[in-house]
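Printed here is model19.tsv (TSV, C-alpha atoms):
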```tsv
chain	number	residue	atom	x	y	z
A	65	MET	CA	141.80	91.21	112.34
A	66	HIS	CA	142.58	90.06	115.90
A	67	LEU	CA	141.37	91.29	119.25
A	68	GLY	CA	144.66	90.84	121.12
A	69	SER	CA	143.90	91.05	124.83
A	70	LEU	CA	140.16	90.38	124.44
A	71	ILE	CA	139.34	87.45	126.71
A	72	PRO	CA	137.82	84.91	124.32
A	73	ALA	CA	134.11	84.96	125.01
A	74	VAL	CA	132.86	83.73	121.66
A	75	LEU	CA	130.93	80.48	121.73
A	76	ALA	CA	128.80	78.80	119.08
A	77	ALA	CA	125.13	77.91	119.50
A	78	LEU	CA	124.19	74.40	118.46
A	79	PHE	CA	120.65	73.90	119.66
A	80	GLY	CA	120.67	70.11	119.86
A	81	LEU	CA	121.74	69.69	116.22
A	82	THR	CA	125.03	67.82	115.80
A	83	GLY	CA	125.21	66.47	112.25
A	84	ALA	CA	125.78	68.39	109.05
A	85	ALA	CA	122.83	66.59	107.52
A	86	ARG	CA	120.49	67.94	110.22
A	87	GLY	CA	121.70	71.52	110.01
A	88	GLN	CA	123.17	73.89	112.54
A	89	VAL	CA	122.15	77.15	114.18
A	90	VAL	CA	124.71	79.71	115.33
A	91	ALA	CA	123.25	82.62	117.29
A	92	GLY	CA	124.26	85.16	119.88
A	93	GLU	CA	125.01	88.80	120.61
A	94	VAL	CA	127.89	91.19	120.06
A	95	ARG	CA	128.93	94.23	122.09
A	96	GLY	CA	130.99	97.08	120.71
A	97	PHE	CA	134.05	98.97	121.89
A	98	ASP	CA	131.94	100.65	124.59
A	99	ASP	CA	130.56	97.24	125.67
A	100	ARG	CA	127.10	98.19	124.44
A	101	LEU	CA	125.10	95.97	122.10
A	102	ALA	CA	126.32	96.79	118.60
A	103	ALA	CA	124.26	96.81	115.38
A	104	GLY	CA	125.67	96.16	111.92
A	105	VAL	CA	128.59	94.00	113.05
A	106	VAL	CA	129.60	91.38	110.46
A	107	VAL	CA	129.51	87.74	111.54
A	108	ARG	CA	131.05	85.22	109.13
A	109	VAL	CA	130.64	81.47	109.52
A	110	PHE	CA	133.19	78.86	108.33
A	111	ASP	CA	133.41	75.08	108.24
A	112	ASP	CA	136.36	73.00	109.48
A	113	ASP	CA	138.16	73.50	106.14
A	114	SER	CA	137.92	77.30	106.34
A	115	ASN	CA	135.25	77.46	103.63
A	116	ARG	CA	132.87	80.36	104.21
A	117	LEU	CA	129.37	79.08	104.84
A	118	GLY	CA	127.58	82.37	105.22
A	119	GLU	CA	127.55	85.89	106.59
A	120	VAL	CA	125.03	87.88	108.65
A	121	LEU	CA	124.84	91.26	110.38
A	122	THR	CA	123.82	91.93	113.95
A	123	ASP	CA	120.44	93.63	114.30
A	124	GLN	CA	119.61	96.79	116.23
A	125	GLN	CA	119.80	94.80	119.48
A	126	GLY	CA	123.25	93.44	118.62
A	127	ARG	CA	121.89	89.95	118.01
A	128	PHE	CA	122.39	87.59	115.10
A	129	GLU	CA	121.36	84.13	113.97
A	130	TRP	CA	122.68	81.90	111.20
A	131	LEU	CA	121.12	78.62	110.08
A	132	GLY	CA	122.93	76.25	107.73
A	133	ASP	CA	123.10	72.62	106.72
A	134	ARG	CA	126.81	72.05	107.44
A	135	ALA	CA	128.76	71.81	110.68
A	136	VAL	CA	130.46	75.04	111.75
A	137	GLY	CA	134.17	75.03	112.53
A	138	ALA	CA	134.76	78.71	113.31
A	139	ILE	CA	133.17	82.13	113.34
A	140	GLU	CA	134.73	85.49	112.56
A	141	ILE	CA	133.24	88.67	113.98
A	142	GLN	CA	134.26	92.03	112.49
A	143	HIS	CA	133.54	95.44	114.01
A	144	GLU	CA	135.02	98.28	111.92
A	145	GLY	CA	138.54	97.04	111.14
A	146	VAL	CA	138.85	94.74	114.16
A	147	VAL	CA	138.15	91.01	114.00
A	148	VAL	CA	137.98	88.09	116.40
A	149	VAL	CA	138.18	84.50	115.14
A	150	GLN	CA	136.99	81.71	117.41
A	151	SER	CA	137.09	77.99	116.75
A	152	ILE	CA	133.95	76.00	117.45
A	153	ALA	CA	134.99	72.74	119.10
A	154	ASN	CA	132.96	69.56	118.80
A	155	GLY	CA	129.88	71.13	117.35
A	156	GLY	CA	129.65	74.17	119.56
A	157	GLU	CA	128.48	75.47	122.92
A	158	PRO	CA	125.22	77.00	124.18
A	159	ALA	CA	125.56	80.61	122.94
A	160	VAL	CA	127.77	83.16	121.19
A	161	ARG	CA	128.66	86.27	123.17
A	162	ALA	CA	131.45	88.66	122.26
A	163	SER	CA	132.54	92.10	123.36
A	164	PHE	CA	135.06	94.38	121.68
A	165	ALA	CA	135.60	96.34	124.91
A	166	GLY	CA	139.27	96.15	125.82
A	167	ALA	CA	140.33	95.03	122.36
A	168	LYS	CA	143.74	96.10	121.10
A	169	TYR	CA	143.62	98.36	118.06
A	170	PHE	CA	144.86	101.64	116.67
A	171	THR	CA	142.63	104.50	115.59
A	172	LEU	CA	142.69	106.47	112.36
A	173	ARG	CA	140.77	109.71	112.57
A	174	GLY	CA	140.67	112.82	110.46
A	175	HIS	CA	138.70	114.69	107.85
A	176	VAL	CA	138.29	115.02	104.10
A	177	VAL	CA	137.93	118.32	102.24
A	178	ASP	CA	137.04	118.65	98.59
A	179	PRO	CA	139.16	120.50	96.01
A	180	ALA	CA	137.57	123.82	97.08
A	181	GLY	CA	138.32	123.19	100.76
A	182	ALA	CA	134.73	122.42	101.81
A	183	PRO	CA	134.02	119.43	104.11
A	184	ALA	CA	133.41	116.32	102.01
A	185	ALA	CA	130.34	114.81	103.70
A	186	GLY	CA	129.10	111.30	103.02
A	187	ILE	CA	132.26	110.21	101.21
A	188	ASP	CA	133.13	106.50	101.37
A	189	PHE	CA	136.65	105.24	101.51
A	190	ILE	CA	138.30	101.86	101.90
A	191	CYS	CA	141.16	100.94	104.23
A	192	ARG	CA	143.28	98.54	102.14
A	193	ASN	CA	146.08	96.10	102.89
A	194	THR	CA	149.33	95.69	100.90
A	195	PHE	CA	147.53	93.46	98.38
A	196	GLY	CA	144.93	96.15	97.65
A	197	ARG	CA	142.19	94.21	99.42
A	198	ALA	CA	139.65	95.91	101.64
A	199	ILE	CA	140.14	95.73	105.40
A	200	THR	CA	137.10	97.86	106.19
A	201	THR	CA	135.11	100.79	104.82
A	202	VAL	CA	134.37	104.17	106.38
A	203	THR	CA	132.01	107.06	105.55
A	204	THR	CA	132.64	110.69	106.47
A	205	ASP	CA	130.03	112.47	108.55
A	206	ALA	CA	128.32	115.80	107.83
A	207	ARG	CA	131.52	117.64	108.75
A	208	GLY	CA	133.69	115.46	106.52
A	209	ALA	CA	135.17	113.77	109.61
A	210	PHE	CA	135.87	110.06	110.08
A	211	LEU	CA	137.11	107.61	112.71
A	212	VAL	CA	137.95	103.96	112.22
A	213	ARG	CA	139.64	101.36	114.41
A	214	CYS	CA	141.87	98.63	112.98
A	215	ASP	CA	144.05	95.86	114.36
A	216	ARG	CA	146.26	95.29	111.33
A	217	PRO	CA	148.40	97.65	109.21
A	218	VAL	CA	146.58	99.76	106.62
A	219	ALA	CA	148.63	100.24	103.45
A	220	ASP	CA	146.52	103.10	102.07
A	221	LEU	CA	143.10	104.72	101.94
A	222	LEU	CA	141.10	104.62	98.71
A	223	VAL	CA	138.89	107.72	98.91
A	224	ASP	CA	135.57	107.57	97.02
A	225	PRO	CA	136.38	104.25	95.30
A	226	LEU	CA	133.48	104.49	92.82
A	227	GLY	CA	134.24	108.09	91.87
A	228	TRP	CA	137.37	110.09	92.63
A	229	ALA	CA	139.40	106.95	93.47
A	230	HIS	CA	141.94	109.14	95.26
A	231	VAL	CA	144.69	107.21	97.09
A	232	GLU	CA	146.05	108.49	100.39
A	233	GLU	CA	149.31	106.62	100.85
A	234	GLY	CA	150.23	104.93	104.15
A	235	PRO	CA	151.27	102.80	105.77
A	236	PHE	CA	149.20	103.39	108.91
A	237	ALA	CA	149.83	101.04	111.84
A	238	GLN	CA	149.33	103.23	114.91
A	239	ASP	CA	147.07	106.02	116.12
A	240	ARG	CA	147.14	108.68	113.45
A	241	GLY	CA	145.40	111.85	112.40
A	242	ILE	CA	144.89	112.03	108.64
A	243	ALA	CA	143.96	115.11	106.63
A	244	VAL	CA	142.78	114.20	103.13
A	245	ASP	CA	143.07	117.61	101.47
A	246	LEU	CA	142.08	117.51	97.81
A	247	ARG	CA	143.06	121.18	97.43
A	248	LEU	CA	146.59	119.81	97.08
A	249	VAL	CA	145.56	118.07	93.86
A	250	ARG	CA	143.06	120.68	92.65
A	251	ASP	CA	144.47	120.55	89.11
A	252	ARG	CA	143.11	117.00	88.74
A	253	TYR	CA	139.50	118.06	89.31
A	254	PHE	CA	136.75	120.13	87.75
A	255	ALA	CA	133.47	121.30	89.26
A	256	LEU	CA	129.92	121.16	87.90
A	257	ARG	CA	127.75	123.65	89.78
A	258	GLY	CA	124.04	124.16	89.48
A	259	ASN	CA	120.55	123.80	90.90
A	260	VAL	CA	118.05	120.97	90.95
A	261	LEU	CA	114.60	122.34	90.01
A	262	ASP	CA	111.16	120.71	90.07
A	263	GLU	CA	108.14	121.03	87.74
A	264	ALA	CA	107.35	124.46	89.17
A	265	GLY	CA	110.93	125.69	88.94
A	266	ALA	CA	111.34	125.46	92.72
A	267	PRO	CA	114.60	124.11	94.20
A	268	VAL	CA	114.77	120.45	95.20
A	269	PRO	CA	116.69	120.04	98.46
A	270	LEU	CA	118.72	116.97	99.40
A	271	ALA	CA	118.53	115.33	95.97
A	272	ARG	CA	121.28	112.86	95.17
A	273	VAL	CA	123.26	114.00	92.10
A	274	GLU	CA	125.41	111.44	90.28
A	275	GLY	CA	127.91	111.94	87.49
A	276	VAL	CA	127.87	108.94	85.15
A	277	ASP	CA	129.98	107.93	82.17
A	278	GLN	CA	129.19	104.87	80.03
A	279	GLY	CA	127.00	103.46	82.75
A	280	ARG	CA	129.60	103.89	85.52
A	281	ARG	CA	129.42	106.32	88.42
A	282	VAL	CA	132.34	108.77	88.35
A	283	ALA	CA	131.25	111.29	91.01
A	284	GLY	CA	128.42	111.99	93.43
A	285	THR	CA	127.08	114.68	95.73
A	286	GLN	CA	123.85	116.00	97.24
A	287	SER	CA	121.98	119.24	96.69
A	288	ASP	CA	121.81	121.50	99.74
A	289	ARG	CA	118.63	122.82	101.34
A	290	ASP	CA	118.42	125.50	98.63
A	291	GLY	CA	118.66	122.91	95.84
A	292	HIS	CA	122.22	123.94	94.91
A	293	PHE	CA	124.93	121.36	94.22
A	294	VAL	CA	128.65	121.24	93.48
A	295	LEU	CA	129.91	118.05	91.89
A	296	TRP	CA	133.68	117.50	91.80
A	297	ALA	CA	134.97	114.99	89.25
A	298	ASN	CA	138.33	113.92	87.89
A	299	ARG	CA	137.01	111.94	84.90
A	300	GLU	CA	134.71	112.88	82.06
A	301	VAL	CA	131.05	113.10	83.09
A	302	GLY	CA	128.82	111.79	80.31
A	303	GLU	CA	125.55	112.68	82.02
A	304	LEU	CA	124.12	113.93	85.30
A	305	VAL	CA	121.33	112.11	87.11
A	306	ALA	CA	119.30	113.46	90.03
A	307	THR	CA	117.48	110.96	92.23
A	308	GLN	CA	115.19	110.90	95.24
A	309	GLY	CA	114.58	107.22	95.66
A	310	ALA	CA	114.29	106.97	91.85
A	311	PRO	CA	115.82	109.05	89.02
A	312	PHE	CA	113.73	112.07	88.06
A	313	VAL	CA	116.20	114.20	86.08
A	314	ARG	CA	118.81	113.13	83.53
A	315	ARG	CA	120.92	115.64	81.59
A	316	LYS	CA	123.41	114.60	78.96
A	317	GLY	CA	126.94	116.05	78.71
A	318	PRO	CA	129.75	115.46	78.30
A	319	TRP	CA	131.70	117.72	80.65
A	320	GLN	CA	135.45	117.72	81.25
A	321	SER	CA	135.96	121.16	82.82
A	322	ASP	CA	134.27	123.60	85.20
A	323	ALA	CA	130.70	124.38	84.11
A	324	ALA	CA	127.36	125.74	85.33
A	325	VAL	CA	124.76	123.02	84.91
A	326	ASP	CA	121.16	123.18	86.15
A	327	LEU	CA	119.06	120.03	86.41
A	328	ASP	CA	115.53	121.18	85.58
A	329	VAL	CA	112.67	118.67	85.52
A	330	ARG	CA	110.88	120.84	82.92
A	331	VAL	CA	113.80	120.43	80.52
A	332	HIS	CA	115.70	117.32	81.67
A	333	GLY	CA	112.95	115.28	83.30
A	334	TYR	CA	111.18	112.19	81.96
A	335	VAL	CA	108.32	111.70	79.52
A	336	LEU	CA	105.98	108.74	79.27
A	337	VAL	CA	106.36	106.62	76.12
A	338	THR	CA	104.14	103.68	75.24
A	339	GLY	CA	104.32	101.23	72.36
A	340	ARG	CA	104.96	97.70	71.22
A	341	VAL	CA	107.94	95.71	69.92
A	342	VAL	CA	107.05	93.16	67.23
A	343	ASP	CA	108.85	90.81	64.85
A	344	ALA	CA	108.69	90.98	61.03
A	345	ARG	CA	105.29	89.22	61.08
A	346	GLY	CA	103.83	91.60	63.61
A	347	ARG	CA	103.97	89.19	66.55
A	348	GLY	CA	104.75	90.77	69.89
A	349	LEU	CA	108.24	90.23	71.29
A	350	GLY	CA	107.96	89.64	75.01
A	351	GLN	CA	110.83	90.41	77.39
A	352	ALA	CA	112.67	92.59	74.89
A	353	MET	CA	115.03	95.05	76.62
A	354	LEU	CA	114.73	98.77	75.81
A	355	PHE	CA	117.43	101.44	75.97
A	356	ALA	CA	117.51	105.20	75.45
A	357	VAL	CA	120.24	106.12	72.92
A	358	ASP	CA	121.47	109.28	71.19
A	359	GLN	CA	122.16	107.69	67.80
A	360	GLN	CA	121.35	104.54	65.88
A	361	THR	CA	124.09	102.43	67.45
A	362	PRO	CA	123.76	100.01	70.37
A	363	PRO	CA	124.61	101.49	73.78
A	364	ALA	CA	127.79	100.72	75.72
A	365	ALA	CA	128.01	97.19	77.11
A	366	LYS	CA	127.48	98.39	80.70
A	367	ALA	CA	124.53	100.65	79.89
A	368	GLN	CA	121.40	99.93	81.91
A	369	PRO	CA	118.07	99.26	80.18
A	370	ILE	CA	115.21	101.63	80.97
A	371	GLY	CA	112.63	98.86	80.82
A	372	SER	CA	111.35	95.79	79.00
A	373	THR	CA	108.28	94.60	77.14
A	374	ASP	CA	105.60	92.43	78.70
A	375	GLY	CA	104.63	89.01	77.38
A	376	SER	CA	102.77	90.57	74.43
A	377	GLY	CA	105.56	92.96	73.46
A	378	ASN	CA	103.91	96.05	74.96
A	379	PHE	CA	105.84	98.61	76.96
A	380	ARG	CA	105.18	101.70	79.05
A	381	LEU	CA	108.33	103.65	79.95
A	382	LEU	CA	109.57	106.87	81.46
A	383	VAL	CA	112.22	108.11	79.04
A	384	PRO	CA	114.62	111.04	79.62
A	385	ARG	CA	113.66	114.19	77.69
A	386	GLY	CA	116.01	114.81	74.79
A	387	THR	CA	116.45	111.11	73.99
A	388	ALA	CA	116.83	110.69	70.23
A	389	PHE	CA	116.04	106.99	69.79
A	390	LEU	CA	114.79	103.92	71.57
A	391	TRP	CA	116.63	100.66	70.95
A	392	ALA	CA	115.04	97.28	71.63
A	393	HIS	CA	116.71	93.91	71.43
A	394	ARG	CA	116.03	90.30	72.32
A	395	ASP	CA	117.58	86.85	71.83
A	396	GLY	CA	121.17	88.08	71.88
A	397	GLY	CA	120.55	90.61	69.11
A	398	GLU	CA	118.62	88.41	66.67
A	399	HIS	CA	115.77	90.84	67.12
A	400	GLN	CA	116.88	94.46	67.41
A	401	VAL	CA	115.27	97.64	66.21
A	402	PHE	CA	115.67	101.41	66.56
A	403	ALA	CA	112.84	103.93	66.60
A	404	PRO	CA	112.92	107.73	66.91
A	405	MET	CA	111.28	109.19	69.97
A	406	PRO	CA	107.58	109.84	69.27
A	407	LYS	CA	106.05	113.29	69.21
A	408	ASN	CA	102.97	114.39	71.12
A	409	GLY	CA	102.95	111.24	73.24
A	410	GLU	CA	101.77	108.98	70.42
A	411	PRO	CA	102.26	105.20	70.86
A	412	ILE	CA	104.97	103.69	68.65
A	413	GLU	CA	105.49	100.33	67.03
A	414	MET	CA	109.05	99.00	66.85
A	415	ARG	CA	109.20	96.30	64.15
A	416	SER	CA	112.18	93.93	63.85
A	417	ASP	CA	113.43	92.70	60.45
A	418	HIS	CA	113.29	89.09	61.66
```

What do you get writing this file as structure tokens?
Amino acid sequence: MHLGSLIPAVLAALFGLTGAARGQVVAGEVRGFDDRLAAGVVVRVFDDDSNRLGEVLTDQQGRFEWLGDRAVGAIEIQHEGVVVVQSIANGGEPAVRASFAGAKYFTLRGHVVDPAGAPAAGIDFICRNTFGRAITTVTTDARGAFLVRCDRPVADLLVDPLGWAHVEEGPFAQDRGIAVDLRLVRDRYFALRGNVLDEAGAPVPLARVEGVDQGRRVAGTQSDRDGHFVLWANREVGELVATQGAPFVRRKGPWQSDAAVDLDVRVHGYVLVTGRVVDARGRGLGQAMLFAVDQQTPPAAKAQPIGSTDGSGNFRLLVPRGTAFLWAHRDGGEHQVFAPMPKNGEPIEMRSDH
């Protein structure tokens, strides 16, 4: 991504270090489109053969620093979808300073509405080139609005890449207003509506609600200030997970059509399970991985473990209510064992056949 009319003002910092063996520091500051110091700008560092040496972000003061053990040949600075590339001649100059003010670019702006016509807040999408590679990413604001600047053609927009994966076809190569209106494809979606409730039955506001299938995220949303949520999905949802920093509710599906689904800690929360995984001789199996499963078959390959044993084979886990079995395995499956969920909080012993 090129800055066109931007007067090259990008220099490399080489604080007295000239050889690759001695290392090199590249540091400086970056200003945004308004010529103010810009945080979160990507700075990539390359050697003379265009091999990427590293990548850093500017801090809240628009500053960055990179330290490596190889000579730098060029740096690339990306702000939104606009990039400047500057060669570093003969080991560099005193400092790196760049401003995106006056850069040539086009602006894509618009809004996203969900299949019911409500603003789709906090939705990520990717601006992609003709090869399907990401140019830059954007997130809608609280009103479902977005704005992104680019200096190269955008072939399409991939809306909610980890969930809906809706494609808004381009190409886009000049200023453009874009309305991503999922009401036009309403027949592809279904809605799960409900409330997130705590141990006292009170609503939980601003909880993150994720739809998951076989360990993969397929949809996401957030409960409102009254604890209510609406989750739109276009693929089967195997389970719903509510999080606030860490998961605290997990309810199993599956769902493939509109449904009312409450996430109640008293019913779908977690319970504490303790126990020990041992081999056939009763010796503790350290570092065994444990999974929550519905039947006596290993989970899907991408399923995430809920914990592991310590060096003596002991474990202490929070397990979703309603789990039928625990599955433990170690050494590539040489040691694996199922155990039904215990009743009344009693410790369990999981004994392998080997």

Mind giving me the straight-line distance from CA of Ala271 (chain A) to CA of Ser287 (chain A) in Å, one decimal? 5.3 Å

Could you give me the axis-aligned bounding box of region 183-190 of chain A, with 6 Å of padding per side, as centre plus edge lengths in Å to one decimal, as JSON?
```
{"center_x": 133.7, "center_y": 110.6, "center_z": 102.7, "size_x": 21.2, "size_y": 29.6, "size_z": 14.9}
```

Could you give me, as a CSV table (one decimal) with C-alpha atoms, in the coordinates of the input, the residues within 7 Å of Pro179 (chain A), counting all atoms listed in the file and dropping anything in the same chain fewer than 2 positions from it?
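This is the output file selection36.csv:
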```csv
chain,number,residue,atom,x,y,z
A,177,VAL,CA,137.9,118.3,102.2
A,181,GLY,CA,138.3,123.2,100.8
A,246,LEU,CA,142.1,117.5,97.8
A,247,ARG,CA,143.1,121.2,97.4
A,250,ARG,CA,143.1,120.7,92.6
```

I'd like to know which of A:Val249, A:Ala184, A:Val223, A:Val335 is closest to Asp205 (chain A), using only C-alpha atoms.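 With only C-alpha atoms as the atom set, the closest residue is A:Ala184.
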
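For the residues A:Val329, A:Leu304, A:Val94, A:Leu172, ranking by smallest atom-to-atom distance to Gln142 (chain A) using only C-alpha atoms places A:Val94 first.
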
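Picture a line from CA of Phe210 (chain A) to CA of Asn259 (chain A); it runs 28.1 Å.
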
Neighbour residues at most 6 Å from (120.8, 116.2, 82.9) (all atoms listed in the file) as a list of chain:residue names: A:Glu303, A:Leu304, A:Val305, A:Val313, A:Arg314, A:Arg315, A:Lys316, A:Leu327, A:His332

Within 6 Å of region 350-355 of chain A, counting all atoms listed in the file, which residues show up once you throw out same-chain ones fewer than 6 positions away? Write them as a count of residues only, please. 14
